[in-house]
Amino acid sequence: MRNKQLMGILLSCLMLSIPMAGCASDIETILGESWGVPGGLALACLRDDAYRELVIEIDHAPGYNPESSTVSLLKERLGQVCDKPDGIRIELNEMSFAETSTWTANKVREVAHETMDAPPQTSVLRWHVIMPEGTYSDDSVLGVAVDASTIALFSDSIDDATSIFNPRISAEDIENSVMVHEFGHLLGLVNLVYTSPADHEDSEHPGHSNNEDSVMYWAVETVTISAWFSGDLPTQFDQDDLNDLAGMKSGELATTDQLWRP
Ligand SMILES: [Zn+2]
């Protein structure tokens, strides 16, 4: 269901570790600008040593702006885990994207890198979300994290994910959860850039939680989301997620693929 998203993660790993596997110009762009893999800026967010402020740039197509509840929830959840004494700032921009129908991980990278207002690592840490028209090539995918700082949310698919089987769950609810979920991947959850001492990664869905009370539960970013929850959708990191983040931050848990280290 979410294999394409994992492929995005795997693909970026592959392209970094086996340069001959992809086309040369792509690799140069990725390596030259150090876009990294999802989780590659986890320590930069969790710790305050290098970046005391986090900016979230959300670029959306006309009419595709995030719900205000999504923006405030995202700020709250990141504020709970990232040490940012100078704050977390959200920047919203409306724009028309070069692609409006079918997206792939590479297309998300290409378009997002072109449209980002500033690089991820300057005096502040900058993470980037695009909310374009159209769907992912696998249209069951609601959101993807494609490198250390880049996320796409597919609002057309999120609208389609509402279901008569669970009318209590609205598109707004789904957007809330998917947004926090994708940022969880940028923070390295689950086991993307470390190995958890807790057994909470779903064996059939690598990179995801097996706990349906965690926002990192595997079904959160799929179009069948409504079918998996009888009550409310999770919007929180669970205790295992929080313990993993704390362990990474303190150094107790070894991390890989970091673009910044203390
Ligand atoms: Zn996911």
# chains A, B, ... in the order shown; residues from 1 in each chain; ligands from 1
$ residues_near_ligand --ligand "ligand 1" --cutoff "8 Å" --atoms "only C-alpha atoms and all ligand atoms" --output "PyMOL selection string"
chain A and resi 2+5-6+143-145+181-182+185+207-208+216-218+220-221
$ closest_atom_pairs --of "range 90-143 of chain A" --to "range 75-78 of chain A" --cutoff "12 Å" --atoms "only C-alpha atoms" --output "tab-separated table"
residue	atom	partner	partner_atom	distance
A:Ile90	CA	A:Lys75	CA	7.9
A:Glu91	CA	A:Lys75	CA	11.6
A:Trp127	CA	A:Leu78	CA	11.6
$ closest_residue --among "A:Ala148, A:Ser140, A:Asp159, A:Pro262" --to "Ser250 in chain A" --atoms "only C-alpha atoms"
A:Pro262
$ atom_distance --atom1 "CA of Thr150 in chain A" --atom2 "CA of Thr102 in chain A"
17.4 Å
$ atom_distance --atom1 "CA of Asp160 in chain A" --atom2 "CA of Tyr64 in chain A"
14.3 Å
$ residues_around --residues "Phe165 in chain A" --least-positions-apart "2" --cutoff "8 Å" --atoms "only C-alpha atoms" --output "number ranges by chain"
A: 163, 167, 226-227
$ atom_distance --atom1 "CA of Gly39 in chain A" --atom2 "CA of Phe237 in chain A"
15.4 Å
$ residues_around --residues "Pro62 in chain A" --least-positions-apart "5" --cutoff "8 Å" --atoms "only C-alpha atoms" --output "JSON, numbers by chain"
{"A": [94, 95, 96]}
$ select_by_dssp --residues "range 45-166 of chain A" --states "helix (DSSP H, G or I)" --output "NGL selection string"
:A and (45-46 or 68-81 or 105-115 or 155-160)
$ write_last_selection --atoms "C-alpha atoms" --output "PDB file, in the first residue's frame"
ATOM      1  CA  CYS A  45      15.954  19.299  14.568  1.00  0.00           C
ATOM      2  CA  LEU A  46      16.064  17.456  17.889  1.00  0.00           C
ATOM      3  CA  SER A  68      -5.270  25.863  10.081  1.00  0.00           C
ATOM      4  CA  SER A  69      -5.674  22.901  12.475  1.00  0.00           C
ATOM      5  CA  THR A  70      -2.953  21.054  10.542  1.00  0.00           C
ATOM      6  CA  VAL A  71      -0.547  23.968  10.834  1.00  0.00           C
ATOM      7  CA  SER A  72      -1.108  24.443  14.564  1.00  0.00           C
ATOM      8  CA  LEU A  73      -0.945  20.703  15.286  1.00  0.00           C
ATOM      9  CA  LEU A  74       2.303  20.344  13.340  1.00  0.00           C
ATOM     10  CA  LYS A  75       3.847  23.226  15.255  1.00  0.00           C
ATOM     11  CA  GLU A  76       2.736  21.706  18.543  1.00  0.00           C
ATOM     12  CA  ARG A  77       4.023  18.196  17.779  1.00  0.00           C
ATOM     13  CA  LEU A  78       7.414  19.394  16.524  1.00  0.00           C
ATOM     14  CA  GLY A  79       7.662  21.734  19.503  1.00  0.00           C
ATOM     15  CA  GLN A  80       7.270  18.732  21.803  1.00  0.00           C
ATOM     16  CA  VAL A  81      10.341  16.958  20.397  1.00  0.00           C
ATOM     17  CA  ALA A 105       9.568  10.602  -5.650  1.00  0.00           C
ATOM     18  CA  ASN A 106      12.004  12.081  -8.169  1.00  0.00           C
ATOM     19  CA  LYS A 107       9.425  14.588  -9.414  1.00  0.00           C
ATOM     20  CA  VAL A 108       8.699  15.673  -5.841  1.00  0.00           C
ATOM     21  CA  ARG A 109      12.431  16.188  -5.243  1.00  0.00           C
ATOM     22  CA  GLU A 110      12.945  18.091  -8.492  1.00  0.00           C
ATOM     23  CA  VAL A 111       9.970  20.438  -8.082  1.00  0.00           C
ATOM     24  CA  ALA A 112      10.393  20.927  -4.343  1.00  0.00           C
ATOM     25  CA  HIS A 113      14.097  21.752  -4.609  1.00  0.00           C
ATOM     26  CA  GLU A 114      13.358  24.298  -7.345  1.00  0.00           C
ATOM     27  CA  THR A 115      10.611  26.003  -5.358  1.00  0.00           C
ATOM     28  CA  SER A 155      -4.792  16.659  -0.989  1.00  0.00           C
ATOM     29  CA  ASP A 156      -6.767  15.172  -3.886  1.00  0.00           C
ATOM     30  CA  SER A 157      -6.028  11.686  -2.518  1.00  0.00           C
ATOM     31  CA  ILE A 158      -6.688  12.820   1.055  1.00  0.00           C
ATOM     32  CA  ASP A 159     -10.165  13.955  -0.044  1.00  0.00           C
ATOM     33  CA  ASP A 160     -10.693  10.556  -1.676  1.00  0.00           C
TER      34      ASP A 160
END
$ closest_residue --among "A:Val215, A:Ala98, A:Leu43, A:Thr235" --to "Ala254 in chain A" --atoms "only C-alpha atoms"
A:Leu43
$ residues_around --residues "Asp244 in chain A" --least-positions-apart "3" --cutoff "12 Å" --atoms "only C-alpha atoms" --output "ChimeraX atom specification"
/A:42-43,46,81,184,187-201,209,237-241,247-255
$ residues_around --residues "Phe154 in chain A" --least-positions-apart "4" --cutoff "7 Å" --atoms "only C-alpha atoms" --output "PyMOL selection string"
chain A and resi 131-132+134-135+142-143+158
$ select_by_dssp --residues "range 14-137 of chain A" --states "strand (DSSP E or B)" --output "VMD selection string"
chain A and resid 54 to 60 88 to 94 102 to 103 121 125 to 131 135 to 136
$ residues_around --residues "Val55 in chain A" --least-positions-apart "6" --cutoff "9 Å" --atoms "only C-alpha atoms" --output "list of chain:residue names"
A:Gly87, A:Ile88, A:Arg89, A:Ile90, A:Glu91, A:Val124, A:Leu125, A:Arg126, A:Trp127, A:His128
$ write_last_selection --atoms "C-alpha atoms" --output "short mmCIF file (atom, residue, chain, number, x, y, z; two decimals), in the first residue's frame"
data_model
loop_
_atom_site.label_atom_id
_atom_site.label_comp_id
_atom_site.auth_asym_id
_atom_site.auth_seq_id
_atom_site.Cartn_x
_atom_site.Cartn_y
_atom_site.Cartn_z
CA GLY A 87 10.90 29.04 17.80
CA ILE A 88 9.22 27.18 14.98
CA ARG A 89 7.96 29.42 12.18
CA ILE A 90 5.53 28.33 9.47
CA GLU A 91 5.69 30.06 6.09
CA VAL A 124 18.10 28.24 10.53
CA LEU A 125 16.91 24.71 9.77
CA ARG A 126 14.33 24.77 6.97
CA TRP A 127 11.99 21.90 6.13
CA HIS A 128 9.75 22.00 3.08
#
